[in-house]
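With PDB, C-alpha atoms inside, this is structure_36.pdb:
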```
ATOM      1  CA  MET A 243     -67.736  34.310 -40.461
ATOM      2  CA  ALA A 244     -65.409  34.998 -43.430
ATOM      3  CA  PRO A 245     -61.645  34.319 -42.901
ATOM      4  CA  VAL A 246     -59.650  37.357 -41.936
ATOM      5  CA  LEU A 247     -57.007  38.110 -44.582
ATOM      6  CA  ILE A 248     -55.933  41.514 -43.309
ATOM      7  CA  GLY A 249     -52.345  41.634 -42.067
ATOM      8  CA  LEU A 250     -51.020  38.622 -44.053
ATOM      9  CA  ALA A 251     -48.958  40.950 -46.226
ATOM     10  CA  ALA A 252     -47.180  42.243 -43.204
ATOM     11  CA  VAL A 253     -46.413  38.756 -42.010
ATOM     12  CA  PHE A 254     -44.938  37.696 -45.368
ATOM     13  CA  ALA A 255     -43.249  41.025 -46.141
ATOM     14  CA  ALA A 256     -39.769  40.852 -47.624
ATOM     15  CA  PRO A 257     -36.922  41.612 -45.241
ATOM     16  CA  SER A 258     -35.583  45.129 -45.222
ATOM     17  CA  ALA A 259     -32.401  46.132 -46.978
ATOM     18  CA  ALA A 260     -30.818  46.430 -43.557
ATOM     19  CA  GLY A 261     -30.476  42.624 -43.630
ATOM     20  CA  ALA A 262     -33.261  41.607 -41.306
ATOM     21  CA  GLN A 263     -33.242  37.799 -41.078
ATOM     22  CA  ALA A 264     -36.191  35.698 -42.048
ATOM     23  CA  ALA A 265     -38.131  33.963 -39.388
ATOM     24  CA  PRO A 266     -37.156  30.363 -38.677
ATOM     25  CA  GLY A 267     -38.620  28.035 -41.232
ATOM     26  CA  VAL A 268     -39.123  30.829 -43.744
ATOM     27  CA  SER A 269     -36.865  31.810 -46.661
ATOM     28  CA  ALA A 270     -37.027  34.880 -48.871
ATOM     29  CA  THR A 271     -36.725  34.868 -52.645
ATOM     30  CA  ALA A 272     -36.999  37.997 -54.827
ATOM     31  CA  GLY A 273     -38.744  39.850 -52.082
ATOM     32  CA  VAL A 274     -41.403  37.151 -51.629
ATOM     33  CA  ALA A 275     -41.350  35.064 -48.525
ATOM     34  CA  VAL A 276     -41.557  31.283 -49.212
ATOM     35  CA  ALA A 277     -41.929  28.614 -46.536
ATOM     36  CA  ALA A 278     -38.844  26.310 -46.338
ATOM     37  CA  GLU A 279     -39.408  22.737 -47.484
ATOM     38  CA  ALA A 280     -39.851  20.388 -44.532
ATOM     39  CA  PRO A 281     -37.679  17.225 -44.445
ATOM     40  CA  ALA A 282     -39.334  14.125 -45.858
ATOM     41  CA  ALA A 283     -41.046  11.969 -43.256
ATOM     42  CA  PRO A 284     -39.620   8.417 -42.884
ATOM     43  CA  ALA A 285     -41.517   5.732 -44.744
ATOM     44  CA  ALA A 286     -44.002   3.915 -42.608
ATOM     45  CA  PRO A 287     -43.061   0.291 -41.868
ATOM     46  CA  ALA A 288     -44.710  -2.295 -44.044
ATOM     47  CA  ALA A 289     -47.831  -3.810 -42.691
ATOM     48  CA  PRO A 290     -47.430  -7.353 -41.333
ATOM     49  CA  ALA A 291     -49.172  -8.854 -44.340
ATOM     50  CA  GLN A 292     -46.930  -6.921 -46.736
ATOM     51  CA  ALA A 293     -43.768  -7.851 -44.825
ATOM     52  CA  SER A 294     -44.765 -11.518 -44.844
ATOM     53  CA  GLN A 295     -45.357 -11.420 -48.596
ATOM     54  CA  ALA A 296     -41.967  -9.758 -49.165
ATOM     55  CA  VAL A 297     -40.133 -12.393 -47.101
ATOM     56  CA  SER A 298     -41.905 -15.261 -48.802
ATOM     57  CA  ALA A 299     -41.077 -13.768 -52.200
ATOM     58  CA  ASN A 300     -37.392 -13.335 -51.325
ATOM     59  CA  PRO A 301     -36.200 -14.871 -48.038
ATOM     60  CA  PHE A 302     -32.777 -13.229 -48.521
ATOM     61  CA  ALA A 303     -34.142  -9.691 -48.940
ATOM     62  CA  SER A 304     -33.214  -8.685 -45.391
ATOM     63  CA  LEU A 305     -29.616  -9.936 -45.712
ATOM     64  CA  PRO A 306     -26.716  -7.693 -46.737
ATOM     65  CA  ALA A 307     -25.948  -7.610 -50.431
ATOM     66  CA  VAL A 308     -22.672  -9.488 -49.902
ATOM     67  CA  VAL A 309     -24.462 -12.529 -48.521
ATOM     68  CA  ARG A 310     -25.139 -15.177 -51.122
ATOM     69  CA  GLN A 311     -27.017 -18.412 -50.877
ATOM     70  CA  VAL A 312     -24.581 -21.315 -50.538
ATOM     71  CA  THR A 313     -25.448 -24.711 -51.860
ATOM     72  CA  SER A 314     -24.708 -27.705 -49.631
ATOM     73  CA  VAL A 315     -21.494 -29.636 -50.212
ATOM     74  CA  PRO A 316     -22.256 -33.087 -51.642
ATOM     75  CA  HIS A 317     -21.719 -35.917 -49.153
ATOM     76  CA  HIS A 318     -19.491 -38.791 -50.178
ATOM     77  CA  PRO A 319     -19.925 -41.673 -47.703
ATOM     78  CA  GLN A 320     -16.759 -43.444 -46.702
ATOM     79  CA  PRO A 321     -16.515 -47.116 -47.664
ATOM     80  CA  PRO A 322     -16.934 -49.519 -44.739
ATOM     81  CA  ARG A 323     -13.718 -50.493 -43.032
ATOM     82  CA  SER A 324     -12.565 -54.091 -43.136
ATOM     83  CA  LEU A 325     -12.550 -56.270 -40.036
ATOM     84  CA  ASP A 326      -8.747 -56.313 -40.104
ATOM     85  CA  ALA A 327      -8.667 -52.499 -40.137
ATOM     86  CA  LEU A 328     -11.194 -52.232 -37.294
ATOM     87  CA  VAL A 329      -9.203 -54.607 -35.088
ATOM     88  CA  ALA A 330      -5.873 -52.954 -35.918
ATOM     89  CA  ALA A 331      -7.279 -49.512 -35.040
ATOM     90  CA  PHE A 332      -8.863 -50.659 -31.783
ATOM     91  CA  VAL A 333      -7.410 -49.160 -28.627
ATOM     92  CA  ASP A 334      -8.060 -50.969 -25.354
ATOM     93  CA  TYR A 335      -8.768 -48.288 -22.754
ATOM     94  CA  GLY A 336      -9.942 -50.846 -20.192
ATOM     95  CA  GLY A 337     -13.089 -50.228 -18.221
ATOM     96  CA  ARG A 338     -14.934 -53.251 -19.609
ATOM     97  CA  ASP A 339     -17.927 -54.501 -17.708
ATOM     98  CA  GLU A 340     -18.304 -58.138 -16.672
ATOM     99  CA  GLN A 341     -20.305 -59.145 -19.731
ATOM    100  CA  GLU A 342     -17.815 -57.766 -22.244
ATOM    101  CA  GLU A 343     -14.991 -59.399 -20.294
ATOM    102  CA  CYS A 344     -16.771 -62.765 -20.513
ATOM    103  CA  LEU A 345     -17.249 -62.359 -24.262
ATOM    104  CA  ALA A 346     -13.600 -61.425 -24.801
ATOM    105  CA  LYS A 347     -12.505 -64.486 -22.835
ATOM    106  CA  ALA A 348     -14.823 -66.731 -24.843
ATOM    107  CA  VAL A 349     -13.286 -65.439 -28.070
ATOM    108  CA  TYR A 350      -9.761 -65.755 -26.696
ATOM    109  CA  PHE A 351     -10.065 -69.333 -25.405
ATOM    110  CA  GLU A 352     -12.353 -70.681 -28.141
ATOM    111  CA  ALA A 353     -10.925 -69.069 -31.255
ATOM    112  CA  ARG A 354      -7.641 -67.202 -30.764
ATOM    113  CA  SER A 355      -5.966 -69.512 -33.296
ATOM    114  CA  GLU A 356      -8.682 -68.700 -35.865
ATOM    115  CA  SER A 357      -8.859 -65.808 -38.309
ATOM    116  CA  LEU A 358     -10.484 -62.587 -37.132
ATOM    117  CA  GLU A 359     -13.599 -63.593 -39.058
ATOM    118  CA  GLY A 360     -13.634 -66.927 -37.237
ATOM    119  CA  GLN A 361     -13.249 -65.158 -33.901
ATOM    120  CA  LEU A 362     -16.127 -62.798 -34.704
ATOM    121  CA  ALA A 363     -18.299 -65.768 -35.664
ATOM    122  CA  VAL A 364     -17.775 -67.267 -32.192
ATOM    123  CA  ALA A 365     -18.651 -63.942 -30.572
ATOM    124  CA  ASN A 366     -21.775 -63.739 -32.739
ATOM    125  CA  VAL A 367     -22.893 -67.197 -31.593
ATOM    126  CA  VAL A 368     -22.494 -66.259 -27.927
ATOM    127  CA  LEU A 369     -24.567 -63.111 -28.409
ATOM    128  CA  ASN A 370     -27.143 -64.981 -30.500
ATOM    129  CA  ARG A 371     -27.610 -67.445 -27.661
ATOM    130  CA  ALA A 372     -28.043 -64.681 -25.077
ATOM    131  CA  LYS A 373     -30.791 -63.128 -27.227
ATOM    132  CA  SER A 374     -32.477 -66.360 -28.263
ATOM    133  CA  GLY A 375     -34.677 -67.049 -25.235
ATOM    134  CA  VAL A 376     -33.458 -70.652 -25.400
ATOM    135  CA  TYR A 377     -30.197 -70.095 -23.540
ATOM    136  CA  PRO A 378     -29.422 -67.905 -20.507
ATOM    137  CA  SER A 379     -29.977 -64.194 -21.140
ATOM    138  CA  SER A 380     -26.560 -62.924 -20.024
ATOM    139  CA  ILE A 381     -23.278 -63.414 -21.849
ATOM    140  CA  CYS A 382     -21.443 -64.751 -18.815
ATOM    141  CA  ALA A 383     -24.225 -67.253 -18.085
ATOM    142  CA  VAL A 384     -24.157 -68.456 -21.691
ATOM    143  CA  VAL A 385     -20.408 -69.016 -21.630
ATOM    144  CA  THR A 386     -20.256 -70.660 -18.195
ATOM    145  CA  GLN A 387     -23.288 -72.887 -18.788
ATOM    146  CA  PRO A 388     -22.227 -76.499 -18.040
ATOM    147  CA  TRP A 389     -21.066 -78.691 -20.935
ATOM    148  CA  GLN A 390     -21.144 -75.900 -23.516
ATOM    149  CA  PHE A 391     -17.595 -74.533 -23.764
ATOM    150  CA  SER A 392     -14.767 -76.930 -23.131
ATOM    151  CA  PHE A 393     -12.363 -74.341 -21.654
ATOM    152  CA  ILE A 394     -14.703 -73.679 -18.691
ATOM    153  CA  ARG A 395     -13.761 -75.642 -15.586
ATOM    154  CA  GLN A 396     -16.296 -75.794 -12.752
ATOM    155  CA  GLY A 397     -17.935 -72.616 -14.008
ATOM    156  CA  LYS A 398     -14.709 -70.616 -14.041
ATOM    157  CA  PHE A 399     -12.527 -69.047 -16.719
ATOM    158  CA  PRO A 400      -8.808 -69.681 -17.089
ATOM    159  CA  THR A 401      -6.579 -66.608 -16.983
ATOM    160  CA  PRO A 402      -5.756 -65.065 -20.378
ATOM    161  CA  ASP A 403      -2.410 -63.547 -21.249
ATOM    162  CA  ARG A 404      -3.482 -59.901 -21.214
ATOM    163  CA  SER A 405      -0.185 -58.683 -22.658
ATOM    164  CA  SER A 406      -0.552 -60.788 -25.821
ATOM    165  CA  ARG A 407      -1.704 -59.717 -29.247
ATOM    166  CA  ALA A 408      -4.287 -62.491 -29.114
ATOM    167  CA  TRP A 409      -5.925 -60.847 -26.079
ATOM    168  CA  HIS A 410      -5.964 -57.442 -27.801
ATOM    169  CA  ASP A 411      -7.668 -59.003 -30.803
ATOM    170  CA  ALA A 412     -10.192 -60.856 -28.627
ATOM    171  CA  VAL A 413     -11.113 -57.644 -26.799
ATOM    172  CA  ALA A 414     -11.453 -55.810 -30.124
ATOM    173  CA  ILE A 415     -13.667 -58.564 -31.549
ATOM    174  CA  ALA A 416     -15.859 -58.505 -28.427
ATOM    175  CA  ASP A 417     -16.257 -54.739 -28.772
ATOM    176  CA  ILE A 418     -17.135 -54.996 -32.470
ATOM    177  CA  ALA A 419     -19.686 -57.737 -31.807
ATOM    178  CA  LEU A 420     -21.322 -56.003 -28.837
ATOM    179  CA  ASN A 421     -21.711 -52.774 -30.809
ATOM    180  CA  ASN A 422     -23.081 -54.689 -33.797
ATOM    181  CA  VAL A 423     -20.486 -53.121 -36.079
ATOM    182  CA  MET A 424     -20.156 -56.311 -38.092
ATOM    183  CA  GLN A 425     -21.716 -59.776 -38.071
ATOM    184  CA  VAL A 426     -20.501 -62.781 -40.024
ATOM    185  CA  VAL A 427     -23.169 -65.356 -39.109
ATOM    186  CA  PRO A 428     -26.930 -64.682 -38.924
ATOM    187  CA  PRO A 429     -28.870 -64.435 -35.636
ATOM    188  CA  SER A 430     -30.294 -67.938 -36.142
ATOM    189  CA  VAL A 431     -26.862 -69.538 -35.732
ATOM    190  CA  LEU A 432     -26.666 -70.890 -32.164
ATOM    191  CA  TRP A 433     -24.281 -73.816 -32.504
ATOM    192  CA  TYR A 434     -20.851 -74.694 -33.866
ATOM    193  CA  HIS A 435     -18.206 -77.350 -33.434
ATOM    194  CA  ALA A 436     -14.674 -78.018 -34.616
ATOM    195  CA  ASP A 437     -14.331 -79.821 -37.924
ATOM    196  CA  TYR A 438     -12.291 -82.633 -36.405
ATOM    197  CA  VAL A 439     -15.287 -83.903 -34.373
ATOM    198  CA  ALA A 440     -18.732 -85.064 -35.499
ATOM    199  CA  PRO A 441     -21.283 -84.683 -32.684
ATOM    200  CA  SER A 442     -24.608 -86.430 -33.208
ATOM    201  CA  TRP A 443     -26.607 -83.219 -32.678
ATOM    202  CA  GLY A 444     -25.038 -81.764 -35.832
ATOM    203  CA  ARG A 445     -27.128 -84.130 -37.966
ATOM    204  CA  ARG A 446     -30.339 -82.653 -36.553
ATOM    205  CA  LEU A 447     -29.421 -79.055 -37.400
ATOM    206  CA  THR A 448     -28.987 -77.021 -40.565
ATOM    207  CA  ARG A 449     -25.401 -76.417 -41.541
ATOM    208  CA  VAL A 450     -24.923 -72.721 -42.416
ATOM    209  CA  THR A 451     -21.223 -72.239 -43.057
ATOM    210  CA  GLN A 452     -17.698 -73.197 -42.112
ATOM    211  CA  ILE A 453     -15.173 -70.549 -41.112
ATOM    212  CA  GLY A 454     -11.734 -71.873 -40.430
ATOM    213  CA  ALA A 455     -11.934 -74.970 -38.246
ATOM    214  CA  HIS A 456     -15.479 -74.282 -36.998
ATOM    215  CA  ILE A 457     -18.744 -75.435 -38.613
ATOM    216  CA  PHE A 458     -21.797 -73.329 -37.761
ATOM    217  CA  TYR A 459     -25.427 -74.458 -37.542
ATOM    218  CA  SER A 460     -28.884 -73.005 -37.118
TER     219      SER A 460
END
```

What's the structure tokens form of this structure?
Amino acid sequence: MAPVLIGLAAVFAAPSAAGAQAAPGVSATAGVAVAAEAPAAPAAPAAPAQASQAVSANPFASLPAVVRQVTSVPHHPQPPRSLDALVAAFVDYGGRDEQEECLAKAVYFEARSESLEGQLAVANVVLNRAKSGVYPSSICAVVTQPWQFSFIRQGKFPTPDRSSRAWHDAVAIADIALNNVMQVVPPSVLWYHADYVAPSWGRRLTRVTQIGAHIFYS
């Protein structure tokens, strides 16, 4: 059946001079009715594949224009602090466990008249022994082992002067050694003696170094 065209002229007739208004969506120009232009439809979102390609091409595309890529600030490592500086900065907050207390006492009674390096060397030897498998596995057992440290009497420690600078330094050295912040003798060093004695066992060992009045062996 052919389309019916009759009556279209009436529908699109120009409005009368009396000022009849055009139907919604329809505007009149020079007596000819013209359909008003519809607003543009929003763009369809990009397909997943297209969006992925856009992001990979420019990962900053979704950021505001004011955002700029910032390069990382170069890192300048601080030089290691000296042993003197570490000990001077140490703050004794207490709360030490038994093992750290034993190590601090060993440093205090064995080496408080030595340099800080000499004190750390003694602490290193005590820890080396505890890890060696040859000596007892705990710090306190290493220090109180019979005939090893001359300041031990019947398995007991003397009482240190806890208000002294020497005790502060000994506690600081024990903390540094336990946390492996610094080591002045290698792990193989398990023995030392004062330089004013010459024990026979020293001849059977390898001399490593002398720090202050103590000679160290492996």

- [ ] Please tell me which residues are no farther than 10 Å from (-17.6, -57.0, -30.4) in the file, counting all atoms listed in the file, and write them as a list of chain:residue names.
- [x] A:Val329, A:Glu342, A:Leu345, A:Ala346, A:Val349, A:Gln361, A:Leu362, A:Ala365, A:Asn366, A:Leu369, A:Ala412, A:Val413, A:Ala414, A:Ile415, A:Ala416, A:Asp417, A:Ile418, A:Ala419, A:Leu420, A:Asn421, A:Asn422, A:Val423, A:Met424, A:Gln425

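Taking atom CA of Val364 of chain A and atom CA of His456 of chain A as endpoints, the distance between them is 8.8 Å.
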
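Between atom CA of Arg354 of chain A and atom CA of Asp403 of chain A there is a distance of 11.5 Å.
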
Open item on the list: Calculated over all atoms listed in the file, which of the candidates A:Val385, A:Ser374, A:Asp411, A:Ser405 has the smallest distance to Leu328 of chain A?
Closed with: A:Asp411

- [ ] Grab the atom CA of Val367 of chain A to atom CA of Leu432 of chain A distance for me, in Å with one decimal place.
- [x] 5.3 Å

Coordinates of box centre and edge lengths for segment 320-331 of chain A, 4 Å on every side, axis-aligned, as JSON:
```
{"center_x": -11.4, "center_y": -49.9, "center_z": -41.4, "size_x": 19.1, "size_y": 20.9, "size_z": 20.6}
```

Task: Cut-off 12 Å around (-10.2, -46.5, -25.5) with all atoms listed in the file: residues as JSON, numbers by chain - done: {"A": [331, 332, 333, 334, 335, 336, 337, 338, 410, 413, 414, 417]}

Open item on the list: Using all atoms listed in the file for the distances, tell me which of A:Ala383, A:Glu359, A:Val376, A:Ala327 is nearest to Ile453 of chain A.
Closed with: A:Glu359

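Against the coordinates shown, the PyMOL selection byres ((chain A and resi 386) around 9) returns Cys344, Ile381, Cys382, Ala383, Val384, Val385, Gln387, Pro388, Trp389, Gln390, Phe391, Ile394, Arg395, Gln396, Gly397, Lys398 and Phe399 of chain A.
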
Take the residues just selected and output them with C-alpha atoms as a PDB file, keeping the file's coordinate frame.
```pdb
ATOM      1  CA  CYS A 344     -16.771 -62.765 -20.513  1.00  0.00           C
ATOM      2  CA  ILE A 381     -23.278 -63.414 -21.849  1.00  0.00           C
ATOM      3  CA  CYS A 382     -21.443 -64.751 -18.815  1.00  0.00           C
ATOM      4  CA  ALA A 383     -24.225 -67.253 -18.085  1.00  0.00           C
ATOM      5  CA  VAL A 384     -24.157 -68.456 -21.691  1.00  0.00           C
ATOM      6  CA  VAL A 385     -20.408 -69.016 -21.630  1.00  0.00           C
ATOM      7  CA  GLN A 387     -23.288 -72.887 -18.788  1.00  0.00           C
ATOM      8  CA  PRO A 388     -22.227 -76.499 -18.040  1.00  0.00           C
ATOM      9  CA  TRP A 389     -21.066 -78.691 -20.935  1.00  0.00           C
ATOM     10  CA  GLN A 390     -21.144 -75.900 -23.516  1.00  0.00           C
ATOM     11  CA  PHE A 391     -17.595 -74.533 -23.764  1.00  0.00           C
ATOM     12  CA  ILE A 394     -14.703 -73.679 -18.691  1.00  0.00           C
ATOM     13  CA  ARG A 395     -13.761 -75.642 -15.586  1.00  0.00           C
ATOM     14  CA  GLN A 396     -16.296 -75.794 -12.752  1.00  0.00           C
ATOM     15  CA  GLY A 397     -17.935 -72.616 -14.008  1.00  0.00           C
ATOM     16  CA  LYS A 398     -14.709 -70.616 -14.041  1.00  0.00           C
ATOM     17  CA  PHE A 399     -12.527 -69.047 -16.719  1.00  0.00           C
TER      18      PHE A 399
END
```

Open item on the list: Evaluated on this file, the PyMOL selection byres ((chain A and resi 457) around 12) picks out some residues - which ones are they, written as a PyMOL selection string?
Closed with: chain A and resi 360+363-364+367+427+431-441+444+447-456+458-460

For the residues in the current selection, export C-alpha atoms as a compact mmCIF listing (two decimals), keeping the file's coordinate frame.
```
# COMPACT_ATOMS: atom_id res chain seq x y z
CA GLY A 360 -13.63 -66.93 -37.24
CA ALA A 363 -18.30 -65.77 -35.66
CA VAL A 364 -17.77 -67.27 -32.19
CA VAL A 367 -22.89 -67.20 -31.59
CA VAL A 427 -23.17 -65.36 -39.11
CA VAL A 431 -26.86 -69.54 -35.73
CA LEU A 432 -26.67 -70.89 -32.16
CA TRP A 433 -24.28 -73.82 -32.50
CA TYR A 434 -20.85 -74.69 -33.87
CA HIS A 435 -18.21 -77.35 -33.43
CA ALA A 436 -14.67 -78.02 -34.62
CA ASP A 437 -14.33 -79.82 -37.92
CA TYR A 438 -12.29 -82.63 -36.40
CA VAL A 439 -15.29 -83.90 -34.37
CA ALA A 440 -18.73 -85.06 -35.50
CA PRO A 441 -21.28 -84.68 -32.68
CA GLY A 444 -25.04 -81.76 -35.83
CA LEU A 447 -29.42 -79.06 -37.40
CA THR A 448 -28.99 -77.02 -40.56
CA ARG A 449 -25.40 -76.42 -41.54
CA VAL A 450 -24.92 -72.72 -42.42
CA THR A 451 -21.22 -72.24 -43.06
CA GLN A 452 -17.70 -73.20 -42.11
CA ILE A 453 -15.17 -70.55 -41.11
CA GLY A 454 -11.73 -71.87 -40.43
CA ALA A 455 -11.93 -74.97 -38.25
CA HIS A 456 -15.48 -74.28 -37.00
CA PHE A 458 -21.80 -73.33 -37.76
CA TYR A 459 -25.43 -74.46 -37.54
CA SER A 460 -28.88 -73.00 -37.12
```
